[in-house]
Amino acid sequence: MARSIMRGRRPSAWAVLVPVVALAAGLLFATSGRTAQGTDLRAGEVTELSELIAQRETVITRQAGQLSDLQKQVERLTGQAATRNGDVATAQSAGDAGAISAALVALTGPGVVITLDDAPARPDGSLPVNARPDDLVIHQSDVQAVVNAVWAAAADGVAIMDQRLIATSAVRCVGNTLLLQGRTYSPPFVVTAIGDAAAIRTQLGLSPQVAVFQQAVDDFGLTFSVRERSEVTVPAYDGVPDLQYATAQ
């Protein structure tokens, strides 16, 4: 009877839970062992962070070296640029000085304005005594004589009809029409010069060619006037210079 009662008892809760807890603990230990593979799990994150910091320090050290090299290159190139800029500035200064001599820039200063014009026609159409029609107009030789005298007076700049003259400019006339640097002009012809007005007048008075022209002015009534100005302007030459080089003789 007693044996029968013993068989009818239900097992307690602890009797059931102990095997389950033991099994779970065994599984946890096994999993941790595989994951750690023989290392300390808590120390793993600290070890990986230290390695990462060491790697970044290596990269930063290398980049700092590259930065130093680049800074040295910049300093070297800056020095070279300064030297080259000095050379460029010197060349530009020389070029600017040459541009003035080559008439490539406009000039303003004291000087003279010279006007040459044909003789006015008489109301009845008659000619002065002993005059031919050719004697009453301005010729190429007249303009050239005046320009040569102005240059001889060491003028800084000369223009005819607002066309700047350079060393290779040629004064040509067809009849009483002036051909200058591809353009045509009719009288009156105006010569503008920057320079010493007294010196220009002196050279005009010394020129034999200008003397011949002056005689025609006196005989036939052509216009030849020289007016001094405190300030005149001659424009820059706007053509293509033909002269490549020149030597002093």
# chains A, B, ... in the order shown; residues from 1 in each chain; ligands from 1
call {"tool": "select_by_dssp", "arguments": {"residues": "range 56-197 of chain A", "states": "strand (DSSP E)", "output": "JSON, numbers by chain"}}
result
{"A": [107, 108, 109, 110, 111, 112, 113, 114, 115, 116, 117, 157, 158, 159, 160, 163, 164, 172, 173, 174, 177, 178, 179, 180, 183, 184, 185, 189, 190, 191, 192, 193, 194]}
call {"tool": "select_by_dssp", "arguments": {"residues": "range 74-228 of chain A", "states": "alpha helix (DSSP H)", "output": "JSON, numbers by chain"}}
result
{"A": [74, 75, 76, 77, 78, 79, 80, 81, 82, 83, 84, 85, 86, 87, 88, 89, 90, 91, 92, 93, 94, 95, 96, 97, 98, 99, 100, 101, 140, 141, 142, 143, 144, 145, 146, 147, 148, 149, 150, 151, 152, 197, 198, 199, 200, 201, 202, 203, 204, 205, 206, 208, 209, 210, 211, 212, 213, 214, 215, 216, 217, 218, 219, 220]}
call {"tool": "residues_around", "arguments": {"residues": "range 127-139 of chain A", "least_positions_apart": "6", "cutoff": "9 Å", "atoms": "only C-alpha atoms", "output": "PyMOL selection string"}}
result
chain A and resi 116-121+172-178+187-189+213+216-217+219-223
call {"tool": "write_last_selection", "arguments": {"atoms": "N, CA, C and O atoms", "output": "CSV table (one decimal), in the first residue's frame"}}
result
chain,number,residue,atom,x,y,z
A,116,LEU,N,48.2,123.0,-94.2
A,116,LEU,CA,48.6,123.3,-95.6
A,116,LEU,C,47.3,123.1,-96.4
A,116,LEU,O,46.6,122.1,-96.3
A,117,ASP,N,47.1,124.1,-97.3
A,117,ASP,CA,45.8,124.1,-98.1
A,117,ASP,C,46.0,124.7,-99.4
A,117,ASP,O,46.9,125.5,-99.6
A,118,ASP,N,45.2,124.3,-100.4
A,118,ASP,CA,45.2,124.8,-101.7
A,118,ASP,C,44.9,126.3,-101.7
A,118,ASP,O,44.2,126.8,-100.8
A,119,ALA,N,45.3,126.9,-102.8
A,119,ALA,CA,44.9,128.4,-102.9
A,119,ALA,C,43.4,128.4,-103.2
A,119,ALA,O,42.8,127.6,-103.9
A,120,PRO,N,42.7,129.4,-102.6
A,120,PRO,CA,41.3,129.6,-102.9
A,120,PRO,C,41.0,130.0,-104.3
A,120,PRO,O,41.8,130.7,-104.9
A,121,ALA,N,39.9,129.5,-104.9
A,121,ALA,CA,39.6,129.8,-106.3
A,121,ALA,C,39.0,131.2,-106.3
A,121,ALA,O,38.4,131.7,-105.4
A,172,ARG,N,52.3,110.2,-99.7
A,172,ARG,CA,52.1,110.1,-101.2
A,172,ARG,C,50.9,110.9,-101.6
A,172,ARG,O,49.9,110.9,-100.8
A,173,CYS,N,50.9,111.6,-102.7
A,173,CYS,CA,49.8,112.3,-103.2
A,173,CYS,C,49.5,112.0,-104.6
A,173,CYS,O,50.4,111.7,-105.4
A,174,VAL,N,48.2,111.9,-105.0
A,174,VAL,CA,47.7,111.8,-106.3
A,174,VAL,C,46.9,113.0,-106.6
A,174,VAL,O,45.8,113.2,-106.1
A,175,GLY,N,47.5,113.9,-107.5
A,175,GLY,CA,46.8,115.2,-107.6
A,175,GLY,C,46.9,115.9,-106.3
A,175,GLY,O,48.0,116.1,-105.7
A,176,ASN,N,45.8,116.4,-105.8
A,176,ASN,CA,45.9,117.0,-104.4
A,176,ASN,C,45.2,116.1,-103.4
A,176,ASN,O,44.7,116.6,-102.4
A,177,THR,N,45.2,114.8,-103.6
A,177,THR,CA,44.7,113.8,-102.7
A,177,THR,C,45.8,113.1,-102.0
A,177,THR,O,46.7,112.6,-102.6
A,178,LEU,N,45.8,113.1,-100.7
A,178,LEU,CA,46.9,112.5,-99.9
A,178,LEU,C,46.5,111.0,-99.6
A,178,LEU,O,45.4,110.7,-99.2
A,187,PRO,N,42.7,118.2,-99.0
A,187,PRO,CA,43.1,119.3,-98.2
A,187,PRO,C,41.9,120.0,-97.6
A,187,PRO,O,40.8,119.9,-98.1
A,188,PRO,N,42.1,120.8,-96.5
A,188,PRO,CA,43.4,121.1,-96.0
A,188,PRO,C,44.1,119.9,-95.2
A,188,PRO,O,43.4,119.1,-94.6
A,189,PHE,N,45.4,119.8,-95.3
A,189,PHE,CA,46.2,118.8,-94.6
A,189,PHE,C,46.7,119.4,-93.3
A,189,PHE,O,47.3,120.5,-93.3
A,213,PHE,N,58.3,125.9,-101.0
A,213,PHE,CA,56.8,125.9,-100.8
A,213,PHE,C,56.4,127.2,-100.3
A,213,PHE,O,55.3,127.7,-100.7
A,216,ALA,N,55.8,129.6,-103.1
A,216,ALA,CA,54.5,129.4,-103.7
A,216,ALA,C,53.3,129.9,-102.9
A,216,ALA,O,52.3,130.5,-103.5
A,217,VAL,N,53.5,129.8,-101.6
A,217,VAL,CA,52.4,130.4,-100.7
A,217,VAL,C,52.4,131.9,-100.9
A,217,VAL,O,51.3,132.5,-101.1
A,219,ASP,N,53.4,133.6,-103.6
A,219,ASP,CA,53.0,134.0,-104.9
A,219,ASP,C,51.6,133.7,-105.3
A,219,ASP,O,50.9,134.5,-106.0
A,220,PHE,N,51.1,132.6,-104.8
A,220,PHE,CA,49.8,132.1,-105.3
A,220,PHE,C,48.7,132.0,-104.2
A,220,PHE,O,47.6,131.6,-104.5
A,221,GLY,N,49.0,132.3,-103.0
A,221,GLY,CA,48.0,132.4,-102.0
A,221,GLY,C,47.6,131.0,-101.3
A,221,GLY,O,46.5,130.9,-100.8
A,222,LEU,N,48.5,130.1,-101.4
A,222,LEU,CA,48.3,128.8,-100.7
A,222,LEU,C,48.3,129.1,-99.2
A,222,LEU,O,48.9,130.1,-98.7
A,223,THR,N,47.8,128.2,-98.4
A,223,THR,CA,47.8,128.3,-96.9
A,223,THR,C,48.9,127.5,-96.3
A,223,THR,O,49.1,126.3,-96.6
call {"tool": "closest_residue", "arguments": {"among": "A:Ala149, A:Thr192, A:Val232, A:Thr168", "to": "Gly205 in chain A", "atoms": "only C-alpha atoms"}}
result
A:Ala149
call {"tool": "atom_distance", "arguments": {"atom1": "CA of Val210 in chain A", "atom2": "CA of Gln163 in chain A"}}
result
21.6 Å
call {"tool": "atom_distance", "arguments": {"atom1": "CA of Pro208 in chain A", "atom2": "CA of Tyr185 in chain A"}}
result
25.7 Å
call {"tool": "atom_distance", "arguments": {"atom1": "CA of Gly109 in chain A", "atom2": "CA of Ala197 in chain A"}}
result
11.1 Å
call {"tool": "decode", "arguments": {"residues": "range 192-229 of chain A", "atoms": "N, CA, C and O atoms", "output": "short mmCIF file (atom, residue, chain, number, x, y, z; two decimals), in the first residue's frame"}}
result
data_model
loop_
_atom_site.label_atom_id
_atom_site.label_comp_id
_atom_site.auth_asym_id
_atom_site.auth_seq_id
_atom_site.Cartn_x
_atom_site.Cartn_y
_atom_site.Cartn_z
N THR A 192 50.15 117.56 -87.00
CA THR A 192 50.22 117.83 -85.56
C THR A 192 51.51 117.23 -85.03
O THR A 192 51.83 116.08 -85.32
N ALA A 193 52.25 118.02 -84.27
CA ALA A 193 53.53 117.55 -83.75
C ALA A 193 53.68 117.93 -82.29
O ALA A 193 53.33 119.05 -81.89
N ILE A 194 54.21 116.99 -81.50
CA ILE A 194 54.54 117.27 -80.10
C ILE A 194 56.04 117.53 -80.04
O ILE A 194 56.84 116.69 -80.47
N GLY A 195 56.39 118.68 -79.53
CA GLY A 195 57.81 119.03 -79.46
C GLY A 195 57.99 120.50 -79.13
O GLY A 195 57.02 121.22 -78.84
N ASP A 196 59.22 120.93 -79.18
CA ASP A 196 59.57 122.32 -78.90
C ASP A 196 59.14 123.18 -80.09
O ASP A 196 59.70 123.05 -81.19
N ALA A 197 58.17 124.06 -79.87
CA ALA A 197 57.63 124.87 -80.97
C ALA A 197 58.70 125.75 -81.59
O ALA A 197 58.76 125.91 -82.83
N ALA A 198 59.58 126.31 -80.78
CA ALA A 198 60.63 127.18 -81.31
C ALA A 198 61.58 126.40 -82.19
O ALA A 198 62.01 126.87 -83.27
N ALA A 199 61.94 125.18 -81.76
CA ALA A 199 62.83 124.35 -82.56
C ALA A 199 62.17 123.94 -83.87
O ALA A 199 62.84 123.89 -84.92
N ILE A 200 60.89 123.68 -83.83
CA ILE A 200 60.18 123.31 -85.06
C ILE A 200 60.17 124.49 -86.04
O ILE A 200 60.42 124.32 -87.25
N ARG A 201 59.89 125.66 -85.53
CA ARG A 201 59.90 126.85 -86.41
C ARG A 201 61.29 127.06 -87.01
O ARG A 201 61.42 127.42 -88.20
N THR A 202 62.32 126.83 -86.21
CA THR A 202 63.68 127.02 -86.71
C THR A 202 63.98 126.06 -87.85
O THR A 202 64.54 126.46 -88.89
N GLN A 203 63.61 124.79 -87.68
CA GLN A 203 63.88 123.80 -88.72
C GLN A 203 63.05 124.07 -89.97
O GLN A 203 63.54 123.85 -91.09
N LEU A 204 61.83 124.55 -89.81
CA LEU A 204 61.03 124.91 -90.98
C LEU A 204 61.71 126.06 -91.75
O LEU A 204 61.73 126.07 -92.99
N GLY A 205 62.29 126.99 -91.02
CA GLY A 205 62.97 128.11 -91.67
C GLY A 205 64.28 127.70 -92.34
O GLY A 205 64.72 128.37 -93.30
N LEU A 206 64.93 126.62 -91.88
CA LEU A 206 66.20 126.19 -92.45
C LEU A 206 66.04 125.23 -93.64
O LEU A 206 67.01 125.01 -94.37
N SER A 207 64.83 124.68 -93.82
CA SER A 207 64.64 123.68 -94.87
C SER A 207 64.54 124.33 -96.26
O SER A 207 63.66 125.18 -96.49
N PRO A 208 65.41 123.94 -97.23
CA PRO A 208 65.30 124.48 -98.60
C PRO A 208 63.98 124.09 -99.26
O PRO A 208 63.40 124.89 -100.03
N GLN A 209 63.50 122.90 -98.99
CA GLN A 209 62.24 122.44 -99.59
C GLN A 209 61.05 123.26 -99.07
O GLN A 209 60.14 123.62 -99.83
N VAL A 210 61.09 123.55 -97.77
CA VAL A 210 60.02 124.37 -97.20
C VAL A 210 60.10 125.79 -97.77
O VAL A 210 59.07 126.45 -98.00
N ALA A 211 61.31 126.25 -98.05
CA ALA A 211 61.47 127.59 -98.64
C ALA A 211 60.82 127.66 -100.02
O ALA A 211 60.18 128.68 -100.37
N VAL A 212 60.95 126.62 -100.81
CA VAL A 212 60.29 126.58 -102.13
C VAL A 212 58.79 126.63 -101.97
O VAL A 212 58.07 127.35 -102.69
N PHE A 213 58.27 125.86 -101.01
CA PHE A 213 56.83 125.86 -100.75
C PHE A 213 56.36 127.23 -100.27
O PHE A 213 55.33 127.75 -100.70
N GLN A 214 57.16 127.86 -99.40
CA GLN A 214 56.81 129.17 -98.88
C GLN A 214 56.73 130.21 -100.01
O GLN A 214 55.86 131.10 -99.98
N GLN A 215 57.58 130.06 -101.01
CA GLN A 215 57.53 130.98 -102.14
C GLN A 215 56.22 130.84 -102.91
O GLN A 215 55.61 131.84 -103.33
N ALA A 216 55.75 129.59 -103.07
CA ALA A 216 54.46 129.37 -103.74
C ALA A 216 53.33 129.94 -102.92
O ALA A 216 52.34 130.48 -103.47
N VAL A 217 53.46 129.84 -101.61
CA VAL A 217 52.44 130.42 -100.72
C VAL A 217 52.36 131.93 -100.94
O VAL A 217 51.27 132.50 -101.06
N ASP A 218 53.53 132.55 -101.00
CA ASP A 218 53.56 134.01 -101.17
C ASP A 218 53.06 134.42 -102.54
O ASP A 218 52.37 135.44 -102.69
N ASP A 219 53.37 133.62 -103.58
CA ASP A 219 53.03 134.01 -104.94
C ASP A 219 51.57 133.70 -105.30
O ASP A 219 50.93 134.49 -106.03
N PHE A 220 51.07 132.57 -104.81
CA PHE A 220 49.76 132.11 -105.31
C PHE A 220 48.67 131.99 -104.23
O PHE A 220 47.55 131.59 -104.53
N GLY A 221 49.00 132.33 -103.01
CA GLY A 221 47.96 132.38 -101.99
C GLY A 221 47.63 131.04 -101.34
O GLY A 221 46.53 130.90 -100.77
N LEU A 222 48.53 130.06 -101.41
CA LEU A 222 48.27 128.81 -100.70
C LEU A 222 48.33 129.08 -99.18
O LEU A 222 48.89 130.08 -98.74
N THR A 223 47.77 128.17 -98.40
CA THR A 223 47.76 128.33 -96.94
C THR A 223 48.90 127.52 -96.32
O THR A 223 49.09 126.34 -96.63
N PHE A 224 49.67 128.19 -95.45
CA PHE A 224 50.71 127.53 -94.69
C PHE A 224 50.79 128.24 -93.34
O PHE A 224 51.37 129.31 -93.22
N SER A 225 50.16 127.63 -92.32
CA SER A 225 50.13 128.28 -91.00
C SER A 225 50.72 127.34 -89.95
O SER A 225 50.55 126.11 -90.02
N VAL A 226 51.42 127.94 -89.00
CA VAL A 226 52.02 127.20 -87.89
C VAL A 226 51.50 127.81 -86.60
O VAL A 226 51.81 128.96 -86.29
N ARG A 227 50.71 127.04 -85.85
CA ARG A 227 50.12 127.54 -84.61
C ARG A 227 50.66 126.75 -83.42
O ARG A 227 50.62 125.52 -83.42
N GLU A 228 51.16 127.48 -82.46
CA GLU A 228 51.67 126.82 -81.25
C GLU A 228 50.51 126.48 -80.32
O GLU A 228 49.55 127.23 -80.21
N ARG A 229 50.63 125.32 -79.66
CA ARG A 229 49.60 124.87 -78.73
C ARG A 229 50.26 124.38 -77.43
O ARG A 229 51.30 123.72 -77.46
#
